[in-house]
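A.B. asks: mmCIF, C-alpha atoms, saved as entry33.cif, coming up:
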data_input
#
loop_
_atom_site.group_PDB
_atom_site.id
_atom_site.type_symbol
_atom_site.label_atom_id
_atom_site.label_comp_id
_atom_site.auth_asym_id
_atom_site.auth_seq_id
_atom_site.Cartn_x
_atom_site.Cartn_y
_atom_site.Cartn_z
ATOM 1 C CA GLU A 1 140.838 124.123 110.090
ATOM 2 C CA LEU A 2 138.389 126.285 108.205
ATOM 3 C CA ALA A 3 139.259 129.968 107.967
ATOM 4 C CA PRO A 4 137.260 132.188 110.368
ATOM 5 C CA ILE A 5 134.505 134.134 108.588
ATOM 6 C CA ASP A 6 131.867 136.722 109.448
ATOM 7 C CA LEU A 7 129.353 135.888 106.721
ATOM 8 C CA PRO A 8 129.287 132.624 104.731
ATOM 9 C CA ILE A 9 128.182 133.098 101.110
ATOM 10 C CA LEU A 10 127.880 130.206 98.654
ATOM 11 C CA ALA A 11 128.474 131.505 95.132
ATOM 12 C CA ASP A 12 130.341 131.166 91.868
ATOM 13 C CA THR A 13 133.374 133.384 92.478
ATOM 14 C CA ARG A 14 133.575 134.379 88.809
ATOM 15 C CA ALA A 15 130.178 136.057 89.105
ATOM 16 C CA PHE A 16 130.193 137.006 92.778
ATOM 17 C CA LEU A 17 133.572 138.708 93.319
ATOM 18 C CA PRO A 18 133.120 141.371 90.594
ATOM 19 C CA ALA A 19 129.631 142.099 91.941
ATOM 20 C CA LEU A 20 130.923 142.286 95.516
ATOM 21 C CA THR A 21 133.745 144.615 94.496
ATOM 22 C CA GLU A 22 131.304 146.910 92.704
ATOM 23 C CA GLU A 23 128.984 146.982 95.723
ATOM 24 C CA ILE A 24 131.849 147.877 98.063
ATOM 25 C CA ARG A 25 132.825 150.732 95.759
ATOM 26 C CA ARG A 26 129.210 151.903 95.548
ATOM 27 C CA GLN A 27 128.945 152.042 99.331
ATOM 28 C CA GLY A 28 132.137 154.059 99.538
ATOM 29 C CA LYS A 29 133.884 151.458 101.697
ATOM 30 C CA PHE A 30 136.755 150.808 99.306
ATOM 31 C CA SER A 31 140.135 151.693 100.750
ATOM 32 C CA LYS A 32 142.989 151.658 98.263
ATOM 33 C CA SER A 33 145.586 151.780 101.029
ATOM 34 C CA ALA A 34 143.991 148.823 102.832
ATOM 35 C CA VAL A 35 143.866 146.806 99.613
ATOM 36 C CA GLU A 36 147.490 147.591 98.777
ATOM 37 C CA GLY A 37 148.591 146.736 102.309
ATOM 38 C CA ARG A 38 146.836 143.390 102.145
ATOM 39 C CA ARG A 39 148.219 142.737 98.654
ATOM 40 C CA LYS A 40 151.784 143.383 99.818
ATOM 41 C CA GLU A 41 151.423 141.111 102.837
ATOM 42 C CA LEU A 42 149.902 138.258 100.832
ATOM 43 C CA SER A 43 152.465 138.716 98.068
ATOM 44 C CA LYS A 44 155.231 138.463 100.634
ATOM 45 C CA GLN A 45 153.779 135.223 102.030
ATOM 46 C CA HIS A 46 153.325 133.841 98.518
ATOM 47 C CA ASP A 47 156.895 134.627 97.512
ATOM 48 C CA GLU A 48 158.269 133.036 100.689
ATOM 49 C CA ILE A 49 156.284 129.832 100.128
ATOM 50 C CA ARG A 50 157.284 129.720 96.451
ATOM 51 C CA ALA A 51 160.955 130.178 97.362
ATOM 52 C CA GLU A 52 160.750 127.328 99.899
ATOM 53 C CA SER A 53 159.090 125.094 97.307
ATOM 54 C CA GLN A 54 161.706 125.902 94.675
ATOM 55 C CA ALA A 55 164.465 125.150 97.181
ATOM 56 C CA GLU A 56 162.947 121.750 97.958
ATOM 57 C CA LEU A 57 162.512 121.057 94.242
ATOM 58 C CA LYS A 58 166.216 121.785 93.724
ATOM 59 C CA ARG A 59 167.195 119.601 96.677
ATOM 60 C CA ARG A 60 165.128 116.649 95.440
ATOM 61 C CA TRP A 61 165.862 117.136 91.711
ATOM 62 C CA ASP A 62 167.917 113.999 91.157
ATOM 63 C CA GLU A 63 166.138 111.638 93.545
ATOM 64 C CA SER A 64 165.322 108.152 92.282
ATOM 65 C CA PRO A 65 162.590 107.032 91.961
ATOM 66 C CA ILE A 66 161.231 110.371 90.731
ATOM 67 C CA SER A 67 160.282 112.823 93.481
ATOM 68 C CA PRO A 68 156.805 114.425 93.470
ATOM 69 C CA PRO A 69 158.211 117.980 93.143
ATOM 70 C CA ARG A 70 160.362 117.016 90.145
ATOM 71 C CA MET A 71 157.426 115.319 88.432
ATOM 72 C CA SER A 72 155.159 118.320 89.088
ATOM 73 C CA HIS A 73 157.805 120.658 87.682
ATOM 74 C CA GLU A 74 158.255 118.633 84.493
ATOM 75 C CA ILE A 75 154.500 118.474 83.880
ATOM 76 C CA TRP A 76 154.229 122.235 84.414
ATOM 77 C CA GLN A 77 156.931 122.948 81.854
ATOM 78 C CA ALA A 78 154.863 121.073 79.275
ATOM 79 C CA ILE A 79 151.427 122.536 80.068
ATOM 80 C CA LYS A 80 152.114 126.104 81.207
ATOM 81 C CA GLY A 81 151.303 127.534 77.789
ATOM 82 C CA GLU A 82 147.961 125.726 77.631
ATOM 83 C CA ASP A 83 144.491 126.652 78.855
ATOM 84 C CA TRP A 84 144.409 123.869 81.463
ATOM 85 C CA THR A 85 142.294 122.607 84.326
ATOM 86 C CA LEU A 86 143.413 120.094 86.929
ATOM 87 C CA VAL A 87 140.186 118.120 87.154
ATOM 88 C CA THR A 88 141.387 115.727 89.870
ATOM 89 C CA GLY A 89 144.570 114.958 91.776
ATOM 90 C CA SER A 90 146.154 117.373 94.236
ATOM 91 C CA PHE A 91 149.391 115.280 94.204
ATOM 92 C CA ARG A 92 150.404 116.125 97.766
ATOM 93 C CA GLY A 93 150.049 119.847 97.078
ATOM 94 C CA TRP A 94 152.964 120.090 94.645
ATOM 95 C CA PRO A 95 151.021 121.495 91.672
ATOM 96 C CA ARG A 96 149.631 124.162 94.001
ATOM 97 C CA ARG A 97 153.164 125.003 95.127
ATOM 98 C CA LEU A 98 154.890 124.992 91.716
ATOM 99 C CA TRP A 99 152.272 125.848 89.072
ATOM 100 C CA ASP A 100 150.797 129.307 88.379
ATOM 101 C CA TRP A 101 147.120 129.534 89.332
ATOM 102 C CA GLU A 102 145.577 132.526 87.593
ATOM 103 C CA LYS A 103 141.937 131.731 86.894
ATOM 104 C CA PRO A 104 138.824 130.395 88.619
ATOM 105 C CA GLY A 105 138.078 126.751 87.935
ATOM 106 C CA ALA A 106 141.723 125.731 87.566
ATOM 107 C CA PHE A 107 141.205 122.932 90.104
ATOM 108 C CA LEU A 108 137.915 121.103 90.470
ATOM 109 C CA GLY A 109 138.639 119.571 93.881
ATOM 110 C CA GLY A 110 139.650 116.299 95.435
ATOM 111 C CA TYR A 111 137.873 113.209 96.608
ATOM 112 C CA GLY A 112 135.937 113.298 99.864
ATOM 113 C CA GLY A 113 136.565 110.963 102.770
ATOM 114 C CA GLY A 114 139.482 109.189 101.120
ATOM 115 C CA GLY A 115 137.171 107.368 98.728
ATOM 116 C CA LEU A 116 139.235 105.064 96.502
ATOM 117 C CA GLY A 117 137.979 104.914 92.931
ATOM 118 C CA TYR A 118 136.815 108.541 92.817
ATOM 119 C CA SER A 119 139.270 110.124 90.408
ATOM 120 C CA PRO A 120 138.785 107.992 87.266
ATOM 121 C CA GLY A 121 135.057 108.618 87.035
ATOM 122 C CA ALA A 122 135.217 112.195 88.305
ATOM 123 C CA SER A 123 137.913 113.165 85.810
ATOM 124 C CA VAL A 124 136.046 111.601 82.897
ATOM 125 C CA GLY A 125 132.871 113.433 83.925
ATOM 126 C CA ALA A 126 134.704 116.748 84.222
ATOM 127 C CA ALA A 127 136.423 116.261 80.861
ATOM 128 C CA LEU A 128 133.064 115.454 79.270
ATOM 129 C CA ALA A 129 131.585 118.675 80.665
ATOM 130 C CA LEU A 130 134.554 120.696 79.350
ATOM 131 C CA LYS A 131 134.888 118.770 76.089
ATOM 132 C CA ASP A 132 134.072 121.703 73.807
ATOM 133 C CA SER A 133 135.621 124.443 75.935
ATOM 134 C CA GLY A 134 139.156 124.274 74.547
ATOM 135 C CA THR A 135 140.475 123.542 78.033
ATOM 136 C CA VAL A 136 143.006 120.746 78.497
ATOM 137 C CA CYS A 137 141.710 118.525 81.301
ATOM 138 C CA ILE A 138 144.427 116.908 83.420
ATOM 139 C CA ASN A 139 144.017 114.076 85.900
ATOM 140 C CA LEU A 140 146.970 113.324 88.190
ATOM 141 C CA GLN A 141 145.820 109.783 88.835
ATOM 142 C CA ARG A 142 146.850 107.648 91.803
ATOM 143 C CA ASP A 143 147.636 104.047 90.930
ATOM 144 C CA GLY A 144 145.601 102.225 93.574
ATOM 145 C CA ASP A 145 142.650 104.538 92.975
ATOM 146 C CA LEU A 146 142.513 103.621 89.283
ATOM 147 C CA LEU A 147 142.400 99.888 90.058
ATOM 148 C CA PHE A 148 139.057 100.362 91.792
ATOM 149 C CA THR A 149 137.242 101.894 88.798
ATOM 150 C CA ASN A 150 139.364 101.343 85.704
ATOM 151 C CA SER A 151 136.161 100.870 83.716
ATOM 152 C CA ALA A 152 136.205 104.681 83.448
ATOM 153 C CA LEU A 153 138.988 104.235 80.899
ATOM 154 C CA TRP A 154 136.569 102.348 78.657
ATOM 155 C CA THR A 155 134.049 105.188 78.967
ATOM 156 C CA ALA A 156 136.675 107.794 78.088
ATOM 157 C CA SER A 157 137.773 105.775 75.072
ATOM 158 C CA SER A 158 134.310 104.817 73.874
ATOM 159 C CA TYR A 159 133.068 108.417 73.894
ATOM 160 C CA ASN A 160 136.337 110.032 72.730
ATOM 161 C CA ILE A 161 136.666 112.186 75.813
ATOM 162 C CA PRO A 162 139.837 114.324 75.615
ATOM 163 C CA LEU A 163 141.513 113.736 78.966
ATOM 164 C CA LEU A 164 145.187 113.686 79.893
ATOM 165 C CA ILE A 165 145.736 111.047 82.583
ATOM 166 C CA ILE A 166 149.150 111.122 84.248
ATOM 167 C CA MET A 167 149.759 108.309 86.706
ATOM 168 C CA THR A 168 151.445 109.244 89.977
ATOM 169 C CA ASN A 169 152.422 105.607 90.363
ATOM 170 C CA ASN A 170 154.262 104.674 93.573
ATOM 171 C CA ARG A 171 153.189 101.014 93.282
ATOM 172 C CA THR A 172 151.573 100.970 96.700
ATOM 173 C CA TYR A 173 148.473 101.974 98.606
ATOM 174 C CA TYR A 174 150.828 104.245 100.489
ATOM 175 C CA ASN A 175 148.218 106.082 102.540
ATOM 176 C CA ASP A 176 147.192 102.735 104.005
ATOM 177 C CA GLU A 177 150.829 101.843 104.633
ATOM 178 C CA GLU A 178 151.138 104.933 106.804
ATOM 179 C CA HIS A 179 148.041 103.924 108.750
ATOM 180 C CA GLN A 180 149.319 100.398 109.262
ATOM 181 C CA GLU A 181 152.682 101.697 110.453
ATOM 182 C CA ARG A 182 151.023 103.808 113.143
ATOM 183 C CA VAL A 183 148.846 100.900 114.241
ATOM 184 C CA ALA A 184 151.862 98.556 114.330
ATOM 185 C CA ILE A 185 153.788 100.985 116.528
ATOM 186 C CA THR A 186 150.798 101.427 118.828
ATOM 187 C CA ARG A 187 150.263 97.670 119.179
ATOM 188 C CA GLY A 188 153.915 96.659 119.317
ATOM 189 C CA ARG A 189 153.801 94.738 116.061
ATOM 190 C CA PRO A 190 156.523 94.513 113.349
ATOM 191 C CA VAL A 191 156.508 97.763 111.367
ATOM 192 C CA GLU A 192 158.201 96.052 108.426
ATOM 193 C CA ASN A 193 154.936 94.182 107.749
ATOM 194 C CA LYS A 194 153.104 97.406 106.880
ATOM 195 C CA GLY A 195 153.402 96.775 103.134
ATOM 196 C CA ILE A 196 151.730 93.344 103.117
ATOM 197 C CA GLY A 197 148.733 93.499 100.808
ATOM 198 C CA MET A 198 149.484 97.153 100.070
ATOM 199 C CA ARG A 199 152.375 97.164 97.604
ATOM 200 C CA MET A 200 151.744 96.506 93.928
ATOM 201 C CA GLU A 201 155.243 95.321 93.053
ATOM 202 C CA VAL A 202 154.987 91.562 92.382
ATOM 203 C CA PRO A 203 153.854 91.879 89.723
ATOM 204 C CA PRO A 204 153.845 95.649 89.074
ATOM 205 C CA VAL A 205 150.694 96.891 87.360
ATOM 206 C CA ASP A 206 151.312 97.793 83.700
ATOM 207 C CA PHE A 207 148.974 100.777 83.404
ATOM 208 C CA ALA A 208 150.176 101.665 79.898
ATOM 209 C CA THR A 209 149.147 98.243 78.617
ATOM 210 C CA LEU A 210 145.889 98.475 80.558
ATOM 211 C CA ALA A 211 145.133 101.752 78.779
ATOM 212 C CA LYS A 212 146.065 100.264 75.391
ATOM 213 C CA SER A 213 143.572 97.470 75.997
ATOM 214 C CA PHE A 214 140.900 100.187 75.982
ATOM 215 C CA ASN A 215 142.372 101.709 72.773
ATOM 216 C CA ILE A 216 143.790 104.672 74.698
ATOM 217 C CA TYR A 217 147.100 106.259 73.696
ATOM 218 C CA SER A 218 149.645 105.467 76.398
ATOM 219 C CA GLU A 219 153.314 105.543 77.328
ATOM 220 C CA GLY A 220 155.204 104.060 80.235
ATOM 221 C CA PRO A 221 156.347 103.134 82.657
ATOM 222 C CA ILE A 222 158.456 106.325 82.688
ATOM 223 C CA GLU A 223 161.229 106.183 85.278
ATOM 224 C CA ASP A 224 163.562 108.910 84.000
ATOM 225 C CA PRO A 225 162.336 112.402 85.022
ATOM 226 C CA ALA A 226 164.082 113.935 82.015
ATOM 227 C CA LYS A 227 161.623 112.069 79.764
ATOM 228 C CA ILE A 228 158.424 113.338 81.404
ATOM 229 C CA GLN A 229 158.153 116.685 79.644
ATOM 230 C CA ALA A 230 158.489 115.238 76.141
ATOM 231 C CA ALA A 231 156.003 112.476 76.945
ATOM 232 C CA VAL A 232 153.458 115.018 78.210
ATOM 233 C CA THR A 233 153.925 117.064 75.030
ATOM 234 C CA ARG A 234 153.224 113.999 72.882
ATOM 235 C CA ALA A 235 150.164 113.087 74.946
ATOM 236 C CA LEU A 236 148.882 116.669 74.744
ATOM 237 C CA LYS A 237 148.952 116.409 70.962
ATOM 238 C CA VAL A 238 146.725 113.344 71.116
ATOM 239 C CA VAL A 239 144.310 114.995 73.534
ATOM 240 C CA LYS A 240 144.123 118.313 71.667
ATOM 241 C CA GLN A 241 144.305 117.249 68.028
ATOM 242 C CA ASP A 242 142.847 113.758 68.023
ATOM 243 C CA ARG A 243 140.300 114.678 70.734
ATOM 244 C CA ARG A 244 140.733 111.442 72.650
ATOM 245 C CA PRO A 245 142.220 110.345 75.989
ATOM 246 C CA ALA A 246 145.874 109.649 76.676
ATOM 247 C CA LEU A 247 147.591 108.033 79.667
ATOM 248 C CA LEU A 248 151.183 108.343 80.895
ATOM 249 C CA ASP A 249 152.441 105.959 83.564
ATOM 250 C CA VAL A 250 155.129 107.712 85.643
ATOM 251 C CA ILE A 251 156.876 105.813 88.443
ATOM 252 C CA ILE A 252 157.467 107.944 91.540
ATOM 253 C CA GLN A 253 158.790 107.383 95.026
ATOM 254 C CA ALA A 254 156.399 106.398 97.805
ATOM 255 C CA ILE A 255 157.093 109.448 99.975
#
Would you write out, as structure tokens, the structure that this file holds?

C.D. replies:
Amino acid sequence: ELAPIDLPILADTRAFLPALTEEIRRQGKFSKSAVEGRRKELSKQHDEIRAESQAELKRRWDESPISPPRMSHEIWQAIKGEDWTLVTGSFRGWPRRLWDWEKPGAFLGGYGGGGLGYSPGASVGAALALKDSGTVCINLQRDGDLLFTNSALWTASSYNIPLLIIMTNNRTYYNDEEHQERVAITRGRPVENKGIGMRMEVPPVDFATLAKSFNIYSEGPIEDPAKIQAAVTRALKVVKQDRRPALLDVIIQAI
């Protein structure tokens, strides 16, 4: 649900919030005690959520295939010293739960309406817009989504767009599997058939080779979580120094 509001204002927060703060001070409505009380309450909620996320990360650390929290953690260890922007890919909320978000524009949003094929083009467009900003653009790319518009890889390569693409590859259109499971249960049909036409296992898609065919630096498939951080560091070097795209294919679990 949307948060309840008294007055909707559409604005760039980087420009609007400082102006709003100054206006509140000018009108004499600023209450230091109220601000500190709200800060303490929100900090408490934040710390509780972060502790829960860290506990789940620890619990799922050694899962195989790689768990989403472990993958998110390993990526964060490699990029946390960079000026980064997650241009697409919320990855089930794990970056939001494990990474530090300290600036406006750190996440440019997700696809609307479950539109498959959104992220490749959107991430290339965002990386093009930020090409000369010094910001490392990261796309946590779903496997099935890339198959719909993989021509975006050619565009990224052709125009030397510095973009770090990290595949969150579970080798299935898993969202659709979940839908089909619910429908099967409702209609009394075999649940075990939910993966027909959904799983990309026979044969598995070789996204690293696909990227190489577009002259993009690539590695994978990566199935050992201990190798993710080093692979991201190598890909970052390509993106930052060579100013061109790189793709890492990481195999994760479906859930």

A.B. asks: Got a sec to resolve the PyMOL selection byres ((chain A and resi 62-73) around 6) on this structure and send the residues as a list of chain:residue names?

C.D. replies: A:Leu57, A:Arg60, A:Trp61, A:Glu74, A:Ile75, A:Trp76, A:Trp94, A:Pro95, A:Ile252, A:Gln253

A.B. asks: Of the candidates A:Ala122, A:Ile9, A:Ala129, A:Val136, which one gets nearest to Glu82 in chain A if we count only C-alpha atoms?

C.D. replies: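 Nearest to Glu82 in chain A: A:Val136.
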
A.B. asks: Between A:Pro162, A:Gly197, A:Pro203, A:Pro225, which has the minimum distance to Leu247 in chain A (counting only C-alpha atoms)?

C.D. replies: A:Pro162

A.B. asks: One number please: CA of Gly134 in chain A to CA of Trp84 in chain A, in Å, one decimal.

C.D. replies: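 Taking CA of Gly134 in chain A and CA of Trp84 in chain A, their separation equals 8.7 Å.
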
A.B. asks: A:Ser53, A:Asn215, A:Gln141, A:Ser31: which is nearest Val250 in chain A, counting all atoms listed in the file?

C.D. replies: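 Looking at the shortest contact to Val250 in chain A, the residue is A:Gln141.
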
A.B. asks: For CA of Gly195 in chain A and CA of Pro120 in chain A, determine how far apart the two atoms are, in Å to one decimal place.

C.D. replies: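 So the two atoms, CA of Gly195 in chain A and CA of Pro120 in chain A, lie 24.3 Å apart.
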
A.B. asks: By how many Å are CA of Pro18 in chain A and CA of Lys103 in chain A apart?

C.D. replies: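 Computed distance, CA of Pro18 in chain A to CA of Lys103 in chain A, equals 13.6 Å.
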
A.B. asks: When you count all atoms listed in the file, which of these residues is closest to Asp206 in chain A: A:Ala230, A:Ala106, A:Leu164, A:Leu147?

C.D. replies: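 Looking only at the distances to Asp206 in chain A, the closest residue turns out to be A:Leu147.
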
A.B. asks: May I have the protein, DNA and RNA residues with an atom at most 7 Å from (141.2, 122.8, 86.2), counting only C-alpha atoms in the file's coordinates, returned as a list in words?

C.D. replies: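 Within the cut-off we find Trp84, Thr85, Leu86, Val87, Gly105, Ala106, Phe107, Leu108 and Cys137 of chain A.
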
A.B. asks: Choose the residue, out of A:Met198, A:Ala11, A:Ile166, A:Ala184, that has the smallest atom-to-atom separation from Gly144 in chain A; count all atoms listed in the file.

C.D. replies: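 Of all the options, A:Met198 lies closest to Gly144 in chain A.
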
A.B. asks: Calculated over all atoms listed in the file, which of the candidates A:Ile49, A:Lys131, A:Ile161, A:Pro245 has the smallest distance to Arg96 in chain A?

C.D. replies: A:Ile49

A.B. asks: For Gln241 in chain A, find every residue with an atom within 12 Å (counting all atoms listed in the file), except residues of its own chain fewer than 3 positions away, and show them as a list in words.

C.D. replies: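 The contact residues come out as Gly134, Val136, Asn160, Pro162, Leu163, Thr233, Arg234, Ala235, Leu236, Lys237, Val238, Arg244, Pro245 and Ala246 of chain A.
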
A.B. asks: Give me, as a PDB file with C-alpha atoms, in the coordinates of the input, all polymer residues having an atom no more than 10 Å from Ser119 in chain A, counting only C-alpha atoms and skipping those fewer than 3 positions away in the same chain.

C.D. replies:
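Okay, this is what ended up in selection-v5.pdb:
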ATOM      1  CA  VAL A  87     140.186 118.120  87.154  1.00  0.00           C
ATOM      2  CA  THR A  88     141.387 115.727  89.870  1.00  0.00           C
ATOM      3  CA  GLY A  89     144.570 114.958  91.776  1.00  0.00           C
ATOM      4  CA  GLY A 110     139.650 116.299  95.435  1.00  0.00           C
ATOM      5  CA  TYR A 111     137.873 113.209  96.608  1.00  0.00           C
ATOM      6  CA  GLY A 115     137.171 107.368  98.728  1.00  0.00           C
ATOM      7  CA  LEU A 116     139.235 105.064  96.502  1.00  0.00           C
ATOM      8  CA  ALA A 122     135.217 112.195  88.305  1.00  0.00           C
ATOM      9  CA  SER A 123     137.913 113.165  85.810  1.00  0.00           C
ATOM     10  CA  VAL A 124     136.046 111.601  82.897  1.00  0.00           C
ATOM     11  CA  GLY A 125     132.871 113.433  83.925  1.00  0.00           C
ATOM     12  CA  ASN A 139     144.017 114.076  85.900  1.00  0.00           C
ATOM     13  CA  LEU A 140     146.970 113.324  88.190  1.00  0.00           C
ATOM     14  CA  GLN A 141     145.820 109.783  88.835  1.00  0.00           C
ATOM     15  CA  ARG A 142     146.850 107.648  91.803  1.00  0.00           C
ATOM     16  CA  ASP A 145     142.650 104.538  92.975  1.00  0.00           C
ATOM     17  CA  LEU A 146     142.513 103.621  89.283  1.00  0.00           C
ATOM     18  CA  PHE A 148     139.057 100.362  91.792  1.00  0.00           C
ATOM     19  CA  THR A 149     137.242 101.894  88.798  1.00  0.00           C
ATOM     20  CA  ASN A 150     139.364 101.343  85.704  1.00  0.00           C
ATOM     21  CA  ALA A 152     136.205 104.681  83.448  1.00  0.00           C
TER      22      ALA A 152
END

A.B. asks: Restrict the output to range 212-231 of chain A and N, CA and C atoms, then write it as a PDB file, in the first residue's frame.

C.D. replies:
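Saved as result-v5.pdb:
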ATOM      1  N   LYS A 212      30.089 -12.600 -24.907  1.00  0.00           N
ATOM      2  CA  LYS A 212      31.315 -12.597 -25.716  1.00  0.00           C
ATOM      3  C   LYS A 212      31.003 -12.440 -27.194  1.00  0.00           C
ATOM      4  N   SER A 213      29.872 -12.982 -27.635  1.00  0.00           N
ATOM      5  CA  SER A 213      29.518 -12.854 -29.047  1.00  0.00           C
ATOM      6  C   SER A 213      29.261 -11.406 -29.440  1.00  0.00           C
ATOM      7  N   PHE A 214      28.989 -10.568 -28.437  1.00  0.00           N
ATOM      8  CA  PHE A 214      28.821  -9.126 -28.676  1.00  0.00           C
ATOM      9  C   PHE A 214      30.090  -8.347 -28.315  1.00  0.00           C
ATOM     10  N   ASN A 215      31.208  -9.065 -28.116  1.00  0.00           N
ATOM     11  CA  ASN A 215      32.493  -8.466 -27.746  1.00  0.00           C
ATOM     12  C   ASN A 215      32.417  -7.767 -26.387  1.00  0.00           C
ATOM     13  N   ILE A 216      31.681  -8.376 -25.465  1.00  0.00           N
ATOM     14  CA  ILE A 216      31.575  -7.864 -24.100  1.00  0.00           C
ATOM     15  C   ILE A 216      32.397  -8.746 -23.170  1.00  0.00           C
ATOM     16  N   TYR A 217      33.165  -8.148 -22.272  1.00  0.00           N
ATOM     17  CA  TYR A 217      33.913  -8.917 -21.290  1.00  0.00           C
ATOM     18  C   TYR A 217      32.930  -9.726 -20.441  1.00  0.00           C
ATOM     19  N   SER A 218      33.231 -10.995 -20.218  1.00  0.00           N
ATOM     20  CA  SER A 218      32.296 -11.814 -19.445  1.00  0.00           C
ATOM     21  C   SER A 218      33.014 -12.916 -18.693  1.00  0.00           C
ATOM     22  N   GLU A 219      32.381 -13.389 -17.639  1.00  0.00           N
ATOM     23  CA  GLU A 219      32.828 -14.547 -16.880  1.00  0.00           C
ATOM     24  C   GLU A 219      31.600 -15.356 -16.476  1.00  0.00           C
ATOM     25  N   GLY A 220      31.789 -16.669 -16.331  1.00  0.00           N
ATOM     26  CA  GLY A 220      30.702 -17.492 -15.864  1.00  0.00           C
ATOM     27  C   GLY A 220      30.526 -18.761 -16.697  1.00  0.00           C
ATOM     28  N   PRO A 221      29.652 -19.629 -16.223  1.00  0.00           N
ATOM     29  CA  PRO A 221      28.802 -19.431 -15.051  1.00  0.00           C
ATOM     30  C   PRO A 221      29.582 -19.585 -13.735  1.00  0.00           C
ATOM     31  N   ILE A 222      29.284 -18.735 -12.765  1.00  0.00           N
ATOM     32  CA  ILE A 222      29.911 -18.767 -11.451  1.00  0.00           C
ATOM     33  C   ILE A 222      28.956 -19.472 -10.491  1.00  0.00           C
ATOM     34  N   GLU A 223      29.402 -20.576  -9.928  1.00  0.00           N
ATOM     35  CA  GLU A 223      28.554 -21.362  -9.034  1.00  0.00           C
ATOM     36  C   GLU A 223      29.093 -21.431  -7.609  1.00  0.00           C
ATOM     37  N   ASP A 224      30.305 -20.930  -7.393  1.00  0.00           N
ATOM     38  CA  ASP A 224      30.904 -20.897  -6.070  1.00  0.00           C
ATOM     39  C   ASP A 224      30.797 -19.472  -5.527  1.00  0.00           C
ATOM     40  N   PRO A 225      30.054 -19.243  -4.439  1.00  0.00           N
ATOM     41  CA  PRO A 225      29.880 -17.882  -3.925  1.00  0.00           C
ATOM     42  C   PRO A 225      31.188 -17.218  -3.530  1.00  0.00           C
ATOM     43  N   ALA A 226      32.186 -18.006  -3.159  1.00  0.00           N
ATOM     44  CA  ALA A 226      33.470 -17.450  -2.755  1.00  0.00           C
ATOM     45  C   ALA A 226      34.210 -16.795  -3.929  1.00  0.00           C
ATOM     46  N   LYS A 227      33.761 -17.070  -5.153  1.00  0.00           N
ATOM     47  CA  LYS A 227      34.416 -16.507  -6.335  1.00  0.00           C
ATOM     48  C   LYS A 227      33.738 -15.242  -6.856  1.00  0.00           C
ATOM     49  N   ILE A 228      32.600 -14.878  -6.273  1.00  0.00           N
ATOM     50  CA  ILE A 228      31.842 -13.731  -6.788  1.00  0.00           C
ATOM     51  C   ILE A 228      32.596 -12.432  -6.601  1.00  0.00           C
ATOM     52  N   GLN A 229      33.090 -12.188  -5.404  1.00  0.00           N
ATOM     53  CA  GLN A 229      33.721 -10.908  -5.096  1.00  0.00           C
ATOM     54  C   GLN A 229      34.903 -10.613  -6.014  1.00  0.00           C
ATOM     55  N   ALA A 230      35.761 -11.600  -6.228  1.00  0.00           N
ATOM     56  CA  ALA A 230      36.915 -11.393  -7.106  1.00  0.00           C
ATOM     57  C   ALA A 230      36.478 -11.150  -8.548  1.00  0.00           C
ATOM     58  N   ALA A 231      35.449 -11.857  -8.981  1.00  0.00           N
ATOM     59  CA  ALA A 231      34.942 -11.675 -10.344  1.00  0.00           C
ATOM     60  C   ALA A 231      34.373 -10.268 -10.523  1.00  0.00           C
TER      61      ALA A 231
END
